[in-house]
>>> print(open('entry18.cif').read())   # mmCIF, C-alpha atoms
data_start
#
loop_
_atom_site.label_atom_id
_atom_site.label_comp_id
_atom_site.auth_asym_id
_atom_site.auth_seq_id
_atom_site.Cartn_x
_atom_site.Cartn_y
_atom_site.Cartn_z
CA MET T 1 9.51 46.13 42.47
CA THR T 2 9.77 43.88 45.46
CA GLY T 3 9.97 41.01 42.97
CA GLU T 4 12.94 42.62 41.29
CA LYS T 5 14.47 43.28 44.67
CA ARG T 6 14.13 39.65 45.63
CA ARG T 7 15.56 38.43 42.33
CA SER T 8 18.60 40.62 42.86
CA TYR T 9 19.42 38.64 46.02
CA ASP T 10 22.28 36.26 45.79
CA PRO T 11 20.65 32.94 46.74
CA VAL T 12 23.84 31.68 48.38
CA ALA T 13 24.07 34.80 50.53
CA LEU T 14 20.39 34.58 51.34
CA ARG T 15 20.72 30.98 52.47
CA ALA T 16 23.73 31.93 54.57
CA ARG T 17 21.81 34.79 56.17
CA ILE T 18 18.93 32.51 57.09
CA LEU T 19 21.40 30.08 58.67
CA ASP T 20 23.11 32.87 60.62
CA VAL T 21 19.83 34.21 61.94
CA ALA T 22 18.51 30.74 62.80
CA ALA T 23 21.77 29.72 64.50
CA ALA T 24 21.71 32.86 66.67
CA ALA T 25 18.04 32.40 67.56
CA PHE T 26 18.44 28.69 68.36
CA GLN T 27 21.42 29.45 70.57
CA SER T 28 19.82 32.23 72.58
CA ARG T 29 16.14 31.20 72.64
CA GLY T 30 16.24 27.53 71.65
CA TYR T 31 14.95 25.63 68.62
CA ASN T 32 11.41 25.07 69.86
CA SER T 33 10.94 28.66 71.01
CA THR T 34 11.94 30.04 67.63
CA SER T 35 9.20 30.12 65.00
CA THR T 36 9.81 30.21 61.28
CA HIS T 37 8.09 33.62 61.42
CA ASP T 38 10.80 34.85 63.82
CA ILE T 39 13.40 33.73 61.30
CA MET T 40 11.62 35.32 58.34
CA ARG T 41 11.41 38.60 60.26
CA ASP T 42 14.97 38.61 61.59
CA ALA T 43 16.50 37.53 58.27
CA ALA T 44 14.13 39.79 56.31
CA VAL T 45 13.13 36.99 53.96
CA THR T 46 9.76 35.93 52.60
CA GLY T 47 8.11 32.66 53.52
CA GLY T 48 8.68 31.53 49.94
CA ALA T 49 12.41 32.18 50.09
CA LEU T 50 12.71 30.45 53.47
CA HIS T 51 10.73 27.47 52.19
CA HIS T 52 12.79 27.31 49.00
CA HIS T 53 16.02 26.85 50.94
CA PHE T 54 14.59 24.97 53.92
CA PRO T 55 11.31 23.18 53.18
CA THR T 56 10.80 22.31 56.86
CA LYS T 57 11.90 23.77 60.16
CA LYS T 58 13.67 20.50 60.84
CA SER T 59 15.72 20.78 57.64
CA LEU T 60 16.75 24.25 58.85
CA GLY T 61 17.63 22.85 62.27
CA LEU T 62 19.79 20.11 60.75
CA ALA T 63 21.51 22.62 58.44
CA VAL T 64 22.23 24.89 61.43
CA ILE T 65 23.82 21.98 63.29
CA ARG T 66 25.92 20.87 60.31
CA GLU T 67 26.81 24.25 58.79
CA ARG T 68 26.95 26.56 61.80
CA VAL T 69 27.32 24.57 65.03
CA ALA T 70 29.90 22.11 63.64
CA PRO T 71 32.14 24.91 62.25
CA ALA T 72 31.79 26.82 65.56
CA VAL T 73 33.08 23.80 67.49
CA GLU T 74 35.80 23.40 64.86
CA GLU T 75 36.88 27.01 65.27
CA THR T 76 36.60 27.40 69.05
CA TRP T 77 37.87 23.96 70.06
CA ILE T 78 39.22 21.63 67.42
CA GLU T 79 41.59 24.01 65.63
CA PRO T 80 43.06 25.55 68.82
CA VAL T 81 43.71 22.04 70.17
CA ARG T 82 45.28 20.86 66.90
CA GLN T 83 47.49 23.91 66.59
CA ALA T 84 48.62 24.11 70.21
CA ARG T 85 51.89 22.69 71.44
CA THR T 86 50.06 20.41 73.85
CA ALA T 87 46.48 19.31 74.43
CA LEU T 88 46.43 21.30 77.66
CA ASP T 89 47.63 24.47 75.92
CA GLY T 90 44.87 24.08 73.34
CA ILE T 91 42.22 23.35 75.96
CA LEU T 92 43.19 26.38 78.05
CA ARG T 93 43.24 28.54 74.94
CA ALA T 94 39.69 27.47 74.10
CA PHE T 95 38.48 28.18 77.64
CA ASP T 96 40.28 31.55 77.72
CA ASP T 97 38.80 32.69 74.42
CA ILE T 98 35.27 31.80 75.51
CA VAL T 99 35.72 33.51 78.88
CA LEU T 100 36.91 36.64 77.07
CA LEU T 101 33.95 36.53 74.70
CA ILE T 102 31.48 36.14 77.57
CA ASP T 103 33.08 38.92 79.60
CA GLU T 104 33.00 41.26 76.61
CA ARG T 105 29.41 40.40 75.75
CA GLY T 106 28.16 40.49 79.34
CA GLU T 107 25.81 37.56 78.88
CA VAL T 108 26.12 33.82 78.39
CA LEU T 109 24.23 32.29 75.48
CA GLY T 110 25.69 28.89 76.18
CA CYS T 111 27.37 26.33 73.97
CA PRO T 112 25.34 26.01 70.76
CA LEU T 113 26.06 22.27 70.60
CA ASN T 114 25.20 21.61 74.20
CA ASN T 115 22.03 23.68 74.06
CA LEU T 116 20.71 21.81 71.03
CA ALA T 117 21.87 18.43 72.37
CA ILE T 118 19.80 18.94 75.49
CA GLU T 119 16.82 20.30 73.63
CA LEU T 120 16.67 17.90 70.68
CA SER T 121 18.59 14.63 71.14
CA LEU T 122 15.86 12.82 73.01
CA ALA T 123 13.12 14.10 70.72
CA ASP T 124 14.55 13.25 67.30
CA PRO T 125 17.06 10.64 66.09
CA GLU T 126 18.31 12.74 63.16
CA PHE T 127 19.10 15.69 65.42
CA LYS T 128 20.70 13.26 67.83
CA GLU T 129 22.91 11.79 65.12
CA ALA T 130 24.02 15.22 63.88
CA VAL T 131 24.88 16.32 67.42
CA VAL T 132 26.67 13.07 68.32
CA GLN T 133 28.93 13.38 65.27
CA ILE T 134 30.13 16.80 66.38
CA PHE T 135 30.76 15.65 69.95
CA GLY T 136 32.70 12.74 68.45
CA ARG T 137 34.98 14.94 66.33
CA TRP T 138 35.56 17.28 69.28
CA GLN T 139 36.55 14.43 71.61
CA GLU T 140 38.68 12.79 68.92
CA ALA T 141 40.66 15.99 68.35
CA ILE T 142 41.53 16.15 72.06
CA ALA T 143 42.15 12.41 72.36
CA GLY T 144 44.42 12.49 69.30
CA LYS T 145 46.50 15.27 70.79
CA LEU T 146 46.74 13.47 74.13
CA ARG T 147 47.76 10.24 72.38
CA GLY T 148 50.66 12.08 70.78
CA GLU T 149 51.83 13.15 74.22
CA LYS T 150 51.30 9.87 75.94
CA ALA T 151 54.38 8.06 74.68
CA ASP T 152 56.61 10.31 76.71
CA ALA T 153 54.47 10.63 79.81
CA ALA T 154 53.68 8.50 82.81
CA PRO T 155 50.73 6.18 82.45
CA ILE T 156 47.65 8.32 82.26
CA SER T 157 43.99 7.70 81.85
CA ALA T 158 43.05 6.41 78.43
CA PRO T 159 43.20 9.46 76.12
CA ASP T 160 39.67 8.79 74.89
CA GLU T 161 38.28 8.88 78.40
CA LEU T 162 40.29 11.94 79.33
CA ALA T 163 39.00 13.68 76.20
CA THR T 164 35.41 12.85 77.16
CA PHE T 165 36.13 14.23 80.64
CA VAL T 166 37.47 17.49 79.17
CA VAL T 167 34.46 17.94 76.90
CA ALA T 168 32.08 17.09 79.76
CA SER T 169 33.79 19.54 82.14
CA TYR T 170 33.58 22.29 79.56
CA SER T 171 29.98 21.50 78.64
CA GLY T 172 28.91 21.50 82.28
CA ALA T 173 30.92 24.63 83.03
CA ILE T 174 29.27 26.56 80.24
CA ALA T 175 25.84 25.29 81.36
CA MET T 176 26.61 26.58 84.87
CA ALA T 177 27.96 29.81 83.38
CA LYS T 178 24.68 30.16 81.50
CA ALA T 179 22.73 29.38 84.70
CA GLN T 180 24.46 32.15 86.65
CA GLN T 181 25.17 34.41 83.64
CA ASN T 182 28.88 34.85 84.28
CA SER T 183 32.12 33.16 83.28
CA ASP T 184 33.25 32.03 86.76
CA PRO T 185 32.50 28.31 86.31
CA LEU T 186 34.60 28.30 83.12
CA ARG T 187 37.57 29.93 84.84
CA ILE T 188 37.34 27.49 87.71
CA CYS T 189 37.06 24.41 85.49
CA ALA T 190 39.97 25.56 83.33
CA ARG T 191 42.15 25.74 86.45
CA GLN T 192 40.98 22.33 87.60
CA LEU T 193 41.59 20.73 84.21
CA ALA T 194 45.05 22.29 84.17
CA SER T 195 45.88 20.61 87.46
CA VAL T 196 44.56 17.30 86.13
CA LEU T 197 46.43 17.48 82.82
CA ARG T 198 49.62 19.30 83.74
CA PRO T 199 51.50 16.42 85.36
CA ILE T 200 51.12 14.36 82.24
CA ARG T 201 53.54 16.51 80.35
CA LYS T 202 55.69 17.91 83.16
CA GLU T 203 56.37 14.50 84.56
CA ARG T 204 59.90 14.21 83.23
CA GLY T 205 61.03 17.74 83.69
CA PRO T 206 60.45 20.93 81.76
CA SER T 207 63.04 20.44 79.01
CA ARG T 208 61.36 17.65 77.11
CA THR T 209 58.56 18.21 74.71
CA PRO T 210 56.53 15.01 74.66
CA ARG T 211 54.80 15.77 71.42
CA ARG T 212 57.96 15.77 69.33
CA MET T 213 59.28 12.61 70.86
CA SER T 214 56.26 10.55 70.00
CA MET E 1 -21.74 16.10 88.40
CA THR E 2 -18.31 17.04 87.18
CA GLY E 3 -18.51 19.92 89.66
CA GLU E 4 -19.08 17.45 92.49
CA LYS E 5 -16.28 15.32 91.17
CA ARG E 6 -13.96 18.31 91.19
CA ARG E 7 -14.98 19.27 94.70
CA SER E 8 -14.15 15.78 95.87
CA TYR E 9 -10.53 16.24 94.81
CA ASP E 10 -8.04 16.85 97.54
CA PRO E 11 -6.58 20.22 96.50
CA VAL E 12 -3.17 19.37 97.95
CA ALA E 13 -3.04 16.13 95.99
CA LEU E 14 -4.26 17.90 92.88
CA ARG E 15 -1.56 20.55 93.16
CA ALA E 16 1.04 17.82 93.68
CA ARG E 17 -0.20 15.95 90.61
CA ILE E 18 0.05 19.07 88.47
CA LEU E 19 3.62 19.59 89.69
CA ASP E 20 4.55 15.96 88.99
CA VAL E 21 3.14 16.10 85.47
CA ALA E 22 4.74 19.48 84.73
CA ALA E 23 8.12 18.40 86.12
CA ALA E 24 8.11 15.28 83.95
CA ALA E 25 7.07 17.24 80.84
CA PHE E 26 9.62 20.01 81.42
CA GLN E 27 12.37 17.45 81.89
CA SER E 28 11.62 15.41 78.79
CA ARG E 29 10.25 18.02 76.37
CA GLY E 30 11.36 21.31 77.92
CA TYR E 31 9.45 24.22 79.45
CA ASN E 32 8.77 26.10 76.24
CA SER E 33 7.63 23.03 74.34
CA THR E 34 5.09 22.13 77.00
CA SER E 35 1.77 23.96 76.79
CA THR E 36 -0.61 24.41 79.70
CA HIS E 37 -3.02 22.32 77.61
CA ASP E 38 -0.50 19.45 77.66
CA ILE E 39 -0.41 19.72 81.45
CA MET E 40 -4.19 19.89 81.81
CA ARG E 41 -4.53 16.78 79.65
CA ASP E 42 -1.72 14.77 81.28
CA ALA E 43 -2.77 15.71 84.82
CA ALA E 44 -6.47 15.34 83.95
CA VAL E 45 -7.32 18.73 85.45
CA THR E 46 -9.50 21.55 84.19
CA GLY E 47 -8.13 24.91 83.12
CA GLY E 48 -9.85 26.40 86.16
CA ALA E 49 -8.13 24.03 88.57
CA LEU E 50 -4.75 24.61 86.94
CA HIS E 51 -5.27 28.37 87.03
CA HIS E 52 -6.39 28.24 90.66
CA HIS E 53 -3.11 26.66 91.76
CA PHE E 54 -0.83 28.26 89.16
CA PRO E 55 -2.20 31.50 87.74
CA THR E 56 0.57 31.66 85.12
CA LYS E 57 2.78 29.15 83.35
CA LYS E 58 5.74 30.93 84.90
CA SER E 59 4.40 30.43 88.44
CA LEU E 60 4.12 26.72 87.59
CA GLY E 61 7.69 26.74 86.23
CA LEU E 62 9.05 28.35 89.39
CA ALA E 63 7.10 25.92 91.59
CA VAL E 64 8.50 22.98 89.60
CA ILE E 65 12.04 24.28 90.13
CA ARG E 66 11.54 24.89 93.85
CA GLU E 67 9.33 21.94 94.74
CA ARG E 68 10.41 19.23 92.32
CA VAL E 69 13.85 20.01 90.87
CA ALA E 70 15.39 21.18 94.16
CA PRO E 71 14.23 18.05 96.06
CA ALA E 72 15.46 15.85 93.17
CA VAL E 73 18.96 17.38 93.46
CA GLU E 74 18.71 17.00 97.24
CA GLU E 75 17.82 13.33 96.92
CA THR E 76 20.18 12.28 94.11
CA TRP E 77 23.20 14.37 95.08
CA ILE E 78 23.14 16.30 98.34
CA GLU E 79 21.97 13.54 100.68
CA PRO E 80 24.27 10.83 99.23
CA VAL E 81 27.24 13.19 99.58
CA ARG E 82 26.30 14.18 103.15
CA GLN E 83 25.77 10.61 104.24
CA ALA E 84 28.84 9.10 102.58
CA ARG E 85 32.10 8.47 104.36
CA THR E 86 33.96 10.75 101.96
CA ALA E 87 33.02 13.24 99.28
CA LEU E 88 34.32 10.84 96.62
CA ASP E 89 32.19 7.97 97.94
CA GLY E 90 29.12 10.20 97.81
CA ILE E 91 29.93 11.50 94.34
CA LEU E 92 30.48 8.00 92.95
CA ARG E 93 27.26 6.84 94.61
CA ALA E 94 25.33 9.64 92.90
CA PHE E 95 26.86 8.81 89.49
CA ASP E 96 26.24 5.07 89.96
CA ASP E 97 22.59 5.54 90.88
CA ILE E 98 21.96 7.75 87.86
CA VAL E 99 23.76 5.34 85.52
CA LEU E 100 21.59 2.50 86.89
CA LEU E 101 18.43 4.55 86.40
CA ILE E 102 19.37 5.42 82.82
CA ASP E 103 20.30 1.84 81.97
CA GLU E 104 17.02 0.54 83.40
CA ARG E 105 14.95 3.18 81.62
CA GLY E 106 16.81 2.90 78.30
CA GLU E 107 16.64 6.63 77.61
CA VAL E 108 18.27 9.75 78.99
CA LEU E 109 15.95 12.60 79.94
CA GLY E 110 18.84 14.65 81.27
CA CYS E 111 19.38 16.51 84.51
CA PRO E 112 16.20 18.48 85.30
CA LEU E 113 18.24 21.34 86.75
CA ASN E 114 20.67 21.50 83.86
CA ASN E 115 17.92 21.29 81.25
CA LEU E 116 16.00 24.19 82.76
CA ALA E 117 19.15 26.21 83.45
CA ILE E 118 20.05 26.08 79.77
CA GLU E 119 16.52 26.76 78.61
CA LEU E 120 15.52 29.53 81.02
CA SER E 121 18.40 31.27 82.79
CA LEU E 122 19.18 33.70 80.02
CA ALA E 123 15.52 34.44 79.33
CA ASP E 124 14.25 35.22 82.81
CA PRO E 125 15.95 36.52 85.98
CA GLU E 126 13.51 34.79 88.35
CA PHE E 127 14.12 31.41 86.75
CA LYS E 128 17.82 32.16 86.81
CA GLU E 129 17.74 32.96 90.53
CA ALA E 130 15.80 29.80 91.38
CA VAL E 131 18.23 27.66 89.37
CA VAL E 132 21.34 29.36 90.76
CA GLN E 133 20.22 28.71 94.33
CA ILE E 134 19.99 24.97 93.68
CA PHE E 135 23.40 24.86 91.99
CA GLY E 136 24.74 26.74 95.02
CA ARG E 137 23.37 24.25 97.55
CA TRP E 138 24.65 21.33 95.46
CA GLN E 139 28.17 22.76 95.24
CA GLU E 140 28.16 23.73 98.91
CA ALA E 141 27.24 20.18 99.98
CA ILE E 142 30.26 18.81 98.08
CA ALA E 143 32.58 21.62 99.17
CA GLY E 144 31.52 21.16 102.80
CA LYS E 145 32.33 17.46 102.64
CA LEU E 146 35.70 18.14 101.00
CA ARG E 147 36.50 20.76 103.63
CA GLY E 148 35.88 18.17 106.34
CA GLU E 149 38.45 15.92 104.68
CA LYS E 150 40.97 18.62 104.04
CA ALA E 151 42.21 18.85 107.60
CA ASP E 152 43.66 15.39 107.21
CA ALA E 153 45.06 15.84 103.70
CA ALA E 154 47.79 17.79 102.01
CA PRO E 155 46.86 21.14 100.44
CA ILE E 156 44.44 20.49 97.64
CA SER E 157 42.55 22.67 95.26
CA ALA E 158 40.17 25.00 97.07
CA PRO E 159 37.20 22.82 98.04
CA ASP E 160 34.80 25.34 96.52
CA GLU E 161 36.52 25.14 93.15
CA LEU E 162 36.78 21.37 93.28
CA ALA E 163 33.06 21.21 94.06
CA THR E 164 32.27 23.41 91.06
CA PHE E 165 34.43 21.11 88.94
CA VAL E 166 32.55 18.03 90.15
CA VAL E 167 29.16 19.60 89.44
CA ALA E 168 30.33 20.81 86.02
CA SER E 169 31.75 17.39 85.09
CA TYR E 170 28.50 15.74 86.06
CA SER E 171 26.34 18.32 84.29
CA GLY E 172 28.37 18.02 81.11
CA ALA E 173 28.45 14.23 81.33
CA ILE E 174 24.69 14.01 81.59
CA ALA E 175 24.31 16.47 78.71
CA MET E 176 26.58 14.23 76.61
CA ALA E 177 24.66 11.18 77.84
CA LYS E 178 21.47 12.88 76.70
CA ALA E 179 23.10 13.73 73.36
CA GLN E 180 24.04 10.13 72.65
CA GLN E 181 21.21 8.55 74.66
CA ASN E 182 23.36 6.25 76.77
CA SER E 183 25.15 6.37 80.10
CA ASP E 184 28.75 6.00 78.83
CA PRO E 185 29.82 9.62 79.42
CA LEU E 186 28.65 9.35 83.06
CA ARG E 187 30.64 6.15 83.65
CA ILE E 188 33.73 7.72 82.10
CA CYS E 189 33.48 10.95 84.06
CA ALA E 190 32.91 9.05 87.33
CA ARG E 191 36.17 7.15 86.73
CA GLN E 192 38.00 10.38 85.89
CA LEU E 193 36.68 12.19 88.95
CA ALA E 194 37.71 9.23 91.08
CA SER E 195 41.28 9.55 89.81
CA VAL E 196 41.21 13.30 90.49
CA LEU E 197 39.78 12.99 94.00
CA ARG E 198 41.30 9.75 95.21
CA PRO E 199 44.84 11.05 95.89
CA ILE E 200 43.43 13.73 98.15
CA ARG E 201 42.45 11.25 100.76
CA LYS E 202 45.21 8.70 100.16
CA GLU E 203 47.78 11.44 100.39
CA ARG E 204 49.62 9.93 103.33
CA GLY E 205 50.16 6.61 101.63
CA PRO E 206 53.56 5.58 100.32
CA SER E 207 53.33 6.81 96.74
CA ARG E 208 53.24 10.45 95.83
CA THR E 209 50.96 11.44 93.04
CA PRO E 210 52.26 13.53 90.17
CA ARG E 211 49.40 15.96 90.54
CA ARG E 212 50.78 17.21 93.84
CA MET E 213 54.22 17.84 92.43
CA SER E 214 53.11 20.41 89.92
#
>>> encode(input="entry18.cif", output="structure tokens")
Amino acid sequence: MTGEKRRSYDPVALRARILDVAAAAFQSRGYNSTSTHDIMRDAAVTGGALHHHFPTKKSLGLAVIRERVAPAVEETWIEPVRQARTALDGILRAFDDIVLLIDERGEVLGCPLNNLAIELSLADPEFKEAVVQIFGRWQEAIAGKLRGEKADAAPISAPDELATFVVASYSGAIAMAKAQQNSDPLRICARQLASVLRPIRKERGPSRTPRRMS
Amino acid sequence: MTGEKRRSYDPVALRARILDVAAAAFQSRGYNSTSTHDIMRDAAVTGGALHHHFPTKKSLGLAVIRERVAPAVEETWIEPVRQARTALDGILRAFDDIVLLIDERGEVLGCPLNNLAIELSLADPEFKEAVVQIFGRWQEAIAGKLRGEKADAAPISAPDELATFVVASYSGAIAMAKAQQNSDPLRICARQLASVLRPIRKERGPSRTPRRMS
């Protein structure tokens, strides 16, 4: 009976459920503090099913980074920045949404990318590489947007460096938010980044839209 | 014989050695990934001696935060900022020294405070409180220095918020440095912070900075 029950599972859905459970556990408790038994229990899967999809805990960790953490950064940061009128608008939108989420939830789990970067990058080169790629795409999305604005603005810091600064400020702010378990550091850093980035596009008066001119 | 050998240990030195070993292990591998057996082995102490000084792993964790992490933040950040001519000089000094250390060592262990904040603040209120106190002293040292400069400068961002921004930028930069295992994000963020903070104290020079006009 249980065999029939298992066979009736959609393997794609099962794999997705394991990834969801593992991603949530790695974000809130960390990779090393989560056992494969925790994941089997929380996802309600057998050891055999877990092993079939992810032969090792490391293969699960890498899949979480590539298939859950990367899309989360895409959704919370890269898309808002791409779709916004300006880099600053997109950055503030990302901060605002995360502040709202934290305030609703009442606890700070931290940035899934940042958490795993700190826990795993020194320990394992494959984890490091997977994490570095996501940081790279995140920074490039912001830098690309800033580059589009630059043509019409006063000389600013190199867009690549400014993008690194934005990602670092956010990553540190969410680490501090996690430390104190409230969103205040994110609100503060959003205001500070606004004052750093605002002159770039208001330089020549409010009527011009730098992005279209470039 | 081993009993005599143990008795000949200076208990203060033994306790200090346990703390040194635990602090190093927590910084490089994390609190949860370090077992008390790892600490006994690396510090060459018996279980009895470890238990005598630190009855629980948590008591050891709290002692590491209070007696090793707090002094490390004091030494690398708070003192340089207090002793510098300006907040910016102190901040750049702190960044420079850490970049040098990383470049000499060839690997990035990460900020001990940040690492433990991310690993432990959500999980345990006592760890959280210990970590929050250190972040508070760090921010207050920078804010205090900025406040001292403010009298002579035009209105700037609230010193408290600017201090939070500095700490966040650093914390994120060292997380990114740990992610990619090199010091580049720290160098970049130091340059960016310099461009944010420099106008504050050069305010009365001939050129107005765009940031003030917004």
>>> resolve_selection(input="entry18.cif", expression="the PyMOL selection byres ((chain E) within 9 of (chain T))", output="count of residues only")
57
>>> resolve_selection(input="entry18.cif", expression="the PyMOL selection byres ((chain T and resi 78) around 12)", output="MDAnalysis selection string")
chainID T and resid 70:77 79:84 87 90:91 93:94 134:145 163 167
>>> atom_distance(input="entry18.cif", atom1="CA of Val21 in chain E", atom2="CA of Asp42 in chain E")
6.6 Å
>>> atom_distance(input="entry18.cif", atom1="CA of Asp38 in chain T", atom2="CA of Ala25 in chain T")
8.5 Å
>>> atom_distance(input="entry18.cif", atom1="CA of Met40 in chain T", atom2="CA of Leu62 in chain T")
17.4 Å
>>> axis_aligned_box(input="entry18.cif", around="range 35-50 of chain E", padding_each_side="3 Å", output="AutoDock Vina command-line options")
--center_x -4.0 --center_y 20.6 --center_z 82.7 --size_x 17.6 --size_y 17.6 --size_z 17.8
>>> resolve_selection(input="entry18.cif", expression="the PyMOL selection byres ((chain E and resi 15) around 12)", output="MDAnalysis selection string")
chainID E and resid 9:14 16:22 39:40 43:45 49:54 60 63:64 67
